[in-house]
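Data block for protein.cif (mmCIF, C-alpha atoms):
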data_coords
#
loop_
_atom_site.group_PDB
_atom_site.id
_atom_site.type_symbol
_atom_site.label_atom_id
_atom_site.label_comp_id
_atom_site.auth_asym_id
_atom_site.auth_seq_id
_atom_site.Cartn_x
_atom_site.Cartn_y
_atom_site.Cartn_z
ATOM 1 C CA ASP V 6 -117.755 55.637 -99.545
ATOM 2 C CA VAL V 7 -115.916 58.906 -99.186
ATOM 3 C CA LYS V 8 -117.120 61.591 -101.512
ATOM 4 C CA VAL V 9 -115.021 64.603 -102.403
ATOM 5 C CA THR V 10 -116.885 66.937 -104.720
ATOM 6 C CA GLN V 11 -115.427 69.788 -106.721
ATOM 7 C CA SER V 12 -117.979 72.283 -107.902
ATOM 8 C CA SER V 13 -116.769 72.678 -111.495
ATOM 9 C CA ARG V 14 -115.282 70.175 -113.909
ATOM 10 C CA TYR V 15 -114.198 72.795 -116.432
ATOM 11 C CA LEU V 16 -113.678 76.511 -115.930
ATOM 12 C CA VAL V 17 -112.572 79.228 -118.337
ATOM 13 C CA LYS V 18 -111.523 82.591 -116.927
ATOM 14 C CA ARG V 19 -109.846 85.763 -118.108
ATOM 15 C CA THR V 20 -106.478 87.057 -116.947
ATOM 16 C CA GLY V 21 -106.911 89.210 -113.852
ATOM 17 C CA GLU V 22 -110.204 87.675 -112.764
ATOM 18 C CA LYS V 23 -110.714 86.447 -109.214
ATOM 19 C CA VAL V 24 -111.390 82.729 -109.304
ATOM 20 C CA PHE V 25 -112.933 80.493 -106.644
ATOM 21 C CA LEU V 26 -112.568 76.723 -106.741
ATOM 22 C CA GLU V 27 -114.799 74.927 -104.269
ATOM 23 C CA CYS V 28 -114.378 71.524 -102.679
ATOM 24 C CA VAL V 29 -116.706 69.689 -100.307
ATOM 25 C CA GLN V 30 -116.153 66.367 -98.523
ATOM 26 C CA ASP V 31 -118.762 64.332 -96.692
ATOM 27 C CA MET V 32 -116.623 62.192 -94.371
ATOM 28 C CA ASP V 33 -115.872 64.661 -91.600
ATOM 29 C CA HIS V 34 -112.173 64.588 -92.488
ATOM 30 C CA GLU V 35 -109.904 66.997 -90.650
ATOM 31 C CA ASN V 36 -107.382 67.347 -93.462
ATOM 32 C CA MET V 37 -108.082 68.896 -96.827
ATOM 33 C CA PHE V 38 -105.658 69.631 -99.629
ATOM 34 C CA TRP V 39 -105.387 71.489 -102.910
ATOM 35 C CA TYR V 40 -103.041 70.064 -105.518
ATOM 36 C CA ARG V 41 -102.139 71.269 -108.952
ATOM 37 C CA GLN V 42 -101.486 68.646 -111.649
ATOM 38 C CA ASP V 43 -99.357 69.455 -114.681
ATOM 39 C CA PRO V 44 -97.933 66.964 -117.208
ATOM 40 C CA GLY V 45 -94.488 65.759 -116.195
ATOM 41 C CA LEU V 46 -94.644 67.512 -112.832
ATOM 42 C CA GLY V 47 -96.985 65.198 -110.966
ATOM 43 C CA LEU V 48 -99.127 66.556 -108.170
ATOM 44 C CA ARG V 49 -97.814 69.611 -106.403
ATOM 45 C CA LEU V 50 -99.285 70.767 -103.113
ATOM 46 C CA ILE V 51 -100.585 74.328 -103.096
ATOM 47 C CA TYR V 52 -102.165 74.574 -99.633
ATOM 48 C CA PHE V 53 -103.577 72.290 -97.022
ATOM 49 C CA SER V 54 -105.756 72.664 -93.961
ATOM 50 C CA TYR V 55 -105.801 70.433 -90.891
ATOM 51 C CA ASP V 56 -108.753 72.095 -89.177
ATOM 52 C CA VAL V 57 -111.364 74.805 -89.601
ATOM 53 C CA LYS V 58 -109.710 78.183 -90.141
ATOM 54 C CA MET V 59 -106.278 76.527 -90.101
ATOM 55 C CA LYS V 60 -104.108 76.470 -93.191
ATOM 56 C CA GLU V 61 -100.549 75.836 -94.184
ATOM 57 C CA LYS V 62 -98.649 76.614 -97.336
ATOM 58 C CA GLY V 63 -97.639 73.769 -99.548
ATOM 59 C CA ASP V 64 -94.852 73.775 -102.083
ATOM 60 C CA ILE V 65 -96.298 76.272 -104.572
ATOM 61 C CA PRO V 66 -98.571 78.733 -102.710
ATOM 62 C CA GLU V 67 -97.650 81.853 -104.689
ATOM 63 C CA GLY V 68 -100.653 83.420 -106.388
ATOM 64 C CA TYR V 69 -103.152 81.387 -104.358
ATOM 65 C CA SER V 70 -105.011 81.675 -101.082
ATOM 66 C CA VAL V 71 -107.467 79.367 -99.329
ATOM 67 C CA SER V 72 -110.437 79.508 -97.029
ATOM 68 C CA ARG V 73 -111.808 76.909 -94.620
ATOM 69 C CA GLU V 74 -114.760 78.324 -92.742
ATOM 70 C CA LYS V 75 -116.489 74.960 -92.308
ATOM 71 C CA LYS V 76 -114.969 71.543 -91.815
ATOM 72 C CA GLU V 77 -116.479 70.074 -94.974
ATOM 73 C CA ARG V 78 -115.549 72.888 -97.346
ATOM 74 C CA PHE V 79 -112.147 74.042 -98.580
ATOM 75 C CA SER V 80 -111.902 76.800 -101.162
ATOM 76 C CA LEU V 81 -108.973 77.721 -103.368
ATOM 77 C CA ILE V 82 -108.799 81.362 -104.464
ATOM 78 C CA LEU V 83 -106.852 82.836 -107.315
ATOM 79 C CA GLU V 84 -106.838 86.542 -106.469
ATOM 80 C CA SER V 85 -105.830 87.616 -109.979
ATOM 81 C CA ALA V 86 -105.710 84.727 -112.410
ATOM 82 C CA SER V 87 -102.753 84.472 -114.756
ATOM 83 C CA THR V 88 -102.154 82.273 -117.790
ATOM 84 C CA ASN V 89 -99.526 80.226 -115.927
ATOM 85 C CA GLN V 90 -102.275 79.107 -113.559
ATOM 86 C CA THR V 91 -103.940 77.169 -116.347
ATOM 87 C CA SER V 92 -103.911 73.657 -114.938
ATOM 88 C CA MET V 93 -105.855 70.759 -113.470
ATOM 89 C CA TYR V 94 -106.693 71.400 -109.813
ATOM 90 C CA LEU V 95 -107.360 68.473 -107.514
ATOM 91 C CA CYS V 96 -108.883 68.671 -104.079
ATOM 92 C CA ALA V 97 -108.327 65.857 -101.573
ATOM 93 C CA SER V 98 -109.204 64.986 -98.010
ATOM 94 C CA SER V 99 -107.924 62.572 -95.378
ATOM 95 C CA PRO V 100 -108.446 61.715 -91.730
ATOM 96 C CA PRO V 101 -105.745 62.903 -89.313
ATOM 97 C CA GLY V 102 -102.430 61.054 -89.597
ATOM 98 C CA THR V 103 -102.530 59.442 -86.191
ATOM 99 C CA GLY V 104 -102.370 55.817 -87.193
ATOM 100 C CA GLY V 105 -104.855 53.146 -88.164
ATOM 101 C CA ALA V 106 -105.596 51.612 -91.524
ATOM 102 C CA GLU V 107 -107.791 54.422 -92.801
ATOM 103 C CA ALA V 108 -105.962 57.311 -91.217
ATOM 104 C CA GLU V 109 -103.417 57.767 -93.958
ATOM 105 C CA LYS V 110 -105.534 57.460 -97.070
ATOM 106 C CA LEU V 111 -105.986 60.408 -99.343
ATOM 107 C CA PHE V 112 -109.279 60.720 -101.216
ATOM 108 C CA PHE V 113 -109.425 62.880 -104.330
ATOM 109 C CA GLY V 114 -112.113 64.872 -106.051
ATOM 110 C CA SER V 115 -112.634 64.615 -109.817
ATOM 111 C CA GLY V 116 -110.637 67.738 -110.526
ATOM 112 C CA THR V 117 -111.274 71.141 -112.085
ATOM 113 C CA GLN V 118 -109.599 71.897 -115.393
ATOM 114 C CA LEU V 119 -109.001 75.644 -115.284
ATOM 115 C CA SER V 120 -108.084 77.581 -118.395
ATOM 116 C CA VAL V 121 -106.982 81.193 -117.999
ATOM 117 C CA LEU V 122 -107.081 83.151 -121.251
ATOM 118 C CA GLY C 2 -88.816 68.566 -97.151
ATOM 119 C CA GLU C 3 -89.309 65.265 -98.890
ATOM 120 C CA ASN C 4 -88.361 64.746 -102.537
ATOM 121 C CA VAL C 5 -89.901 61.848 -104.455
ATOM 122 C CA GLU C 6 -88.520 60.887 -107.841
ATOM 123 C CA GLN C 7 -90.329 58.481 -110.168
ATOM 124 C CA HIS C 8 -89.153 56.575 -113.228
ATOM 125 C CA PRO C 9 -89.865 55.988 -116.022
ATOM 126 C CA SER C 10 -92.115 58.817 -117.138
ATOM 127 C CA THR C 11 -93.650 56.608 -119.826
ATOM 128 C CA LEU C 12 -93.811 52.833 -120.108
ATOM 129 C CA SER C 13 -95.201 50.782 -122.942
ATOM 130 C CA VAL C 14 -95.663 47.032 -122.559
ATOM 131 C CA GLN C 15 -97.397 44.244 -124.424
ATOM 132 C CA GLU C 16 -100.491 42.758 -122.858
ATOM 133 C CA GLY C 17 -99.488 39.930 -120.541
ATOM 134 C CA ASP C 18 -96.036 41.338 -119.815
ATOM 135 C CA SER C 19 -94.968 42.745 -116.454
ATOM 136 C CA ALA C 20 -94.498 46.428 -115.679
ATOM 137 C CA VAL C 21 -92.282 47.947 -113.005
ATOM 138 C CA ILE C 22 -92.328 51.552 -111.845
ATOM 139 C CA LYS C 23 -89.676 52.809 -109.449
ATOM 140 C CA CYS C 24 -89.590 55.634 -106.924
ATOM 141 C CA THR C 25 -86.994 57.015 -104.580
ATOM 142 C CA TYR C 26 -87.505 59.282 -101.597
ATOM 143 C CA SER C 27 -85.151 61.452 -99.596
ATOM 144 C CA ASP C 28 -86.600 61.800 -96.094
ATOM 145 C CA SER C 29 -85.861 58.844 -93.826
ATOM 146 C CA ALA C 30 -88.810 59.904 -91.651
ATOM 147 C CA SER C 31 -91.248 58.907 -94.412
ATOM 148 C CA ASN C 32 -92.975 55.695 -93.447
ATOM 149 C CA TYR C 33 -96.079 55.405 -95.600
ATOM 150 C CA PHE C 34 -95.930 54.885 -99.370
ATOM 151 C CA PRO C 35 -99.151 54.771 -101.389
ATOM 152 C CA TRP C 36 -99.578 54.254 -105.114
ATOM 153 C CA TYR C 37 -102.358 55.950 -107.054
ATOM 154 C CA LYS C 38 -103.783 55.109 -110.460
ATOM 155 C CA GLN C 39 -105.363 57.828 -112.560
ATOM 156 C CA GLU C 40 -107.308 56.804 -115.635
ATOM 157 C CA LEU C 41 -107.861 59.368 -118.343
ATOM 158 C CA GLY C 42 -110.267 62.045 -117.171
ATOM 159 C CA LYS C 43 -110.751 60.482 -113.748
ATOM 160 C CA ARG C 44 -109.567 61.142 -110.219
ATOM 161 C CA PRO C 45 -106.508 59.400 -108.748
ATOM 162 C CA GLN C 46 -107.484 56.258 -106.881
ATOM 163 C CA LEU C 47 -105.430 54.418 -104.275
ATOM 164 C CA ILE C 48 -104.471 50.966 -105.577
ATOM 165 C CA ILE C 49 -101.979 49.734 -103.008
ATOM 166 C CA ASP C 50 -99.905 51.077 -100.147
ATOM 167 C CA ILE C 51 -97.074 49.937 -97.925
ATOM 168 C CA ARG C 52 -95.780 50.962 -94.538
ATOM 169 C CA SER C 53 -92.136 51.070 -93.567
ATOM 170 C CA ASN C 54 -92.368 48.067 -91.260
ATOM 171 C CA VAL C 55 -93.160 45.840 -94.267
ATOM 172 C CA GLY C 56 -90.870 44.926 -97.163
ATOM 173 C CA GLU C 57 -93.453 43.713 -99.663
ATOM 174 C CA LYS C 58 -97.188 43.684 -100.134
ATOM 175 C CA LYS C 59 -99.284 41.953 -102.798
ATOM 176 C CA ASP C 60 -102.817 42.336 -104.002
ATOM 177 C CA GLN C 61 -103.632 40.003 -106.886
ATOM 178 C CA ARG C 62 -101.601 41.204 -109.892
ATOM 179 C CA ILE C 63 -100.160 44.203 -108.092
ATOM 180 C CA ALA C 64 -97.259 44.221 -105.659
ATOM 181 C CA VAL C 65 -95.212 46.907 -103.981
ATOM 182 C CA THR C 66 -91.723 46.471 -102.569
ATOM 183 C CA LEU C 67 -89.869 48.779 -100.202
ATOM 184 C CA ASN C 68 -86.147 49.036 -99.490
ATOM 185 C CA LYS C 69 -85.821 51.389 -96.527
ATOM 186 C CA THR C 70 -82.053 51.359 -96.527
ATOM 187 C CA ALA C 71 -81.835 52.478 -100.131
ATOM 188 C CA LYS C 72 -84.994 54.613 -99.874
ATOM 189 C CA HIS C 73 -86.501 52.883 -102.901
ATOM 190 C CA PHE C 74 -89.990 51.542 -103.473
ATOM 191 C CA SER C 75 -91.451 49.972 -106.582
ATOM 192 C CA LEU C 76 -94.782 49.003 -108.090
ATOM 193 C CA HIS C 77 -94.960 45.693 -109.936
ATOM 194 C CA ILE C 78 -97.879 44.789 -112.183
ATOM 195 C CA THR C 79 -97.920 41.258 -113.577
ATOM 196 C CA GLU C 80 -99.970 39.915 -116.507
ATOM 197 C CA THR C 81 -100.809 43.425 -117.625
ATOM 198 C CA GLN C 82 -104.152 44.089 -119.278
ATOM 199 C CA PRO C 83 -105.320 47.013 -121.451
ATOM 200 C CA GLU C 84 -107.367 48.327 -118.508
ATOM 201 C CA ASP C 85 -104.108 48.821 -116.590
ATOM 202 C CA SER C 86 -103.317 51.675 -118.996
ATOM 203 C CA ALA C 87 -103.269 54.830 -116.869
ATOM 204 C CA VAL C 88 -100.963 57.272 -115.118
ATOM 205 C CA TYR C 89 -99.499 55.906 -111.897
ATOM 206 C CA PHE C 90 -98.225 58.100 -109.066
ATOM 207 C CA CYS C 91 -96.126 57.111 -106.112
ATOM 208 C CA ALA C 92 -96.153 59.137 -102.914
ATOM 209 C CA ALA C 93 -94.460 59.329 -99.535
ATOM 210 C CA ARG C 94 -95.621 60.584 -96.187
ATOM 211 C CA ALA C 95 -94.139 60.767 -92.704
ATOM 212 C CA TYR C 96 -96.165 59.455 -89.791
ATOM 213 C CA ASN C 97 -98.187 62.130 -88.015
ATOM 214 C CA PHE C 98 -97.525 64.595 -90.748
ATOM 215 C CA ASN C 99 -100.252 65.683 -93.091
ATOM 216 C CA LYS C 100 -98.342 66.234 -96.297
ATOM 217 C CA PHE C 101 -98.116 63.689 -99.075
ATOM 218 C CA TYR C 102 -95.265 64.142 -101.543
ATOM 219 C CA PHE C 103 -95.913 62.787 -105.019
ATOM 220 C CA GLY C 104 -93.700 61.558 -107.815
ATOM 221 C CA SER C 105 -94.057 63.037 -111.290
ATOM 222 C CA GLY C 106 -96.116 60.124 -112.598
ATOM 223 C CA THR C 107 -95.665 57.240 -115.055
ATOM 224 C CA LYS C 108 -97.903 56.879 -118.059
ATOM 225 C CA LEU C 109 -98.370 53.153 -118.625
ATOM 226 C CA ASN C 110 -99.622 51.984 -121.994
ATOM 227 C CA VAL C 111 -100.574 48.323 -122.317
ATOM 228 C CA LYS C 112 -100.812 47.308 -125.952
ATOM 229 C CA PRO C 113 -103.336 44.600 -126.805
#
For the structure just supplied, provide its representation as structure tokens.
Amino acid sequence: DVKVTQSSRYLVKRTGEKVFLECVQDMDHENMFWYRQDPGLGLRLIYFSYDVKMKEKGDIPEGYSVSREKKERFSLILESASTNQTSMYLCASSPPGTGGAEAEKLFFGSGTQLSVL
Amino acid sequence: GENVEQHPSTLSVQEGDSAVIKCTYSDSASNYFPWYKQELGKRPQLIIDIRSNVGEKKDQRIAVTLNKTAKHFSLHITETQPEDSAVYFCAARAYNFNKFYFGSGTKLNVKP
């Protein structure tokens, strides 16, 4: 069973702090994603990575950066947290999209509820 | 890029009734359409998916239909039970692309 683990379930930070959200997957998946979930807005893609040290911007990358130094780990960084970044953050992973029954499935972590005060 | 719209945002049904959630997508290159269920406080879990070469797929009480021409796909839940209460998300993805585009979610409440 695929396991995607996010290091914190709840996090409270102050405005201006640098925040690291960590995500680890144990299935050797090439693709990893960071989504933000807000009521009424669904899941919005912040960044994704399709290989070590590779990253691409999603739909809402402003105010965020990412790091993928190892295949299993994908970190989301808020350089200077702001109150409008209070949200639920979901990490996900998937195999490469090259066909096959399992290749397209997205597996989610449990989420990190971040509050920025 | 792709744009996925989902309706309704909330749905309340009586136990035993059917529930239907509808999504539309904009990119004709999208060819994979999963549905995720997220129970309160838990991670989204894949419940059913459909590829563009199929018009309908069923798994017990859950079915998904796809109309490629109209760019519509729908989730049908029959004989709803209280444990079906959750937020449901539709999504779309193009083959060989890595990005999944999600709808805004439907909160389903099944009243006992």
Write out as number ranges by chain which residues come within 6 Å of C:Lys108 when counting only C-alpha atoms, dropping same-chain ones fewer than 6 positions away. C: 11, 87-88
Residues of the last selection are to be written out with C-alpha atoms, as a JSON list (two decimals), in the frame of the given file.
[["chain", "number", "residue", "atom", "x", "y", "z"],
["C", 11, "THR", "CA", -93.65, 56.61, -119.83],
["C", 87, "ALA", "CA", -103.27, 54.83, -116.87],
["C", 88, "VAL", "CA", -100.96, 57.27, -115.12]]
Which of these, V:Phe53, V:Leu81, V:Lys60, V:Tyr69, has the shortest distance to chain C once you count only C-alpha atoms?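 Residue with the minimum atom-to-atom distance to chain C: V:Phe53.
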Residue members of the PyMOL selection byres ((chain C) within 12 of (chain V)) in the file shown, as a ChimeraX atom specification: /C:2-11,32-52,88-108
Run the PyMOL selection byres ((chain C and resi 85) around 9) on the file and write out the hits as a list in words. Lys38, Glu40, Ile78, Thr81, Gln82, Pro83, Glu84, Ser86, Ala87, Leu109, Asn110 and Val111 of chain C
So how far away is atom CA of V:Ser87 from atom CA of V:Pro66, in Å?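 Distance between the two atoms: 14.0 Å.
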Find the distance between atom CA of V:Leu122 and atom CA of V:Ile51 and write it in Å to one decimal.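 Value for the atom CA of V:Leu122-atom CA of V:Ile51 distance: 21.2 Å.
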Nearby residues (only C-alpha atoms) at most 7 Å from V:Val121, same-chain spacing under 5 positions excluded, as a tab-separated table (two decimals) with C-alpha atoms, in the frame of the given file:
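Result went into part_23.tsv, see below:
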chain	number	residue	atom	x	y	z
V	17	VAL	CA	-112.57	79.23	-118.34
V	18	LYS	CA	-111.52	82.59	-116.93
V	19	ARG	CA	-109.85	85.76	-118.11
V	20	THR	CA	-106.48	87.06	-116.95
V	86	ALA	CA	-105.71	84.73	-112.41
V	87	SER	CA	-102.75	84.47	-114.76
V	88	THR	CA	-102.15	82.27	-117.79
V	90	GLN	CA	-102.28	79.11	-113.56
V	91	THR	CA	-103.94	77.17	-116.35
Could you give me the centre and size, in Å to one decimal, of an axis-aligned box around all listed atoms of stretch 16-27 of chain V with 8 Å added on every side, as AutoDock Vina command-line options?
--center_x -110.6 --center_y 82.1 --center_z -111.3 --size_x 24.3 --size_y 30.3 --size_z 30.1
Between atom CA of V:Glu27 and atom CA of V:Glu61, what is the distance in Å, rounded to a tenth?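 Distance reported for this atom pair: 17.5 Å.
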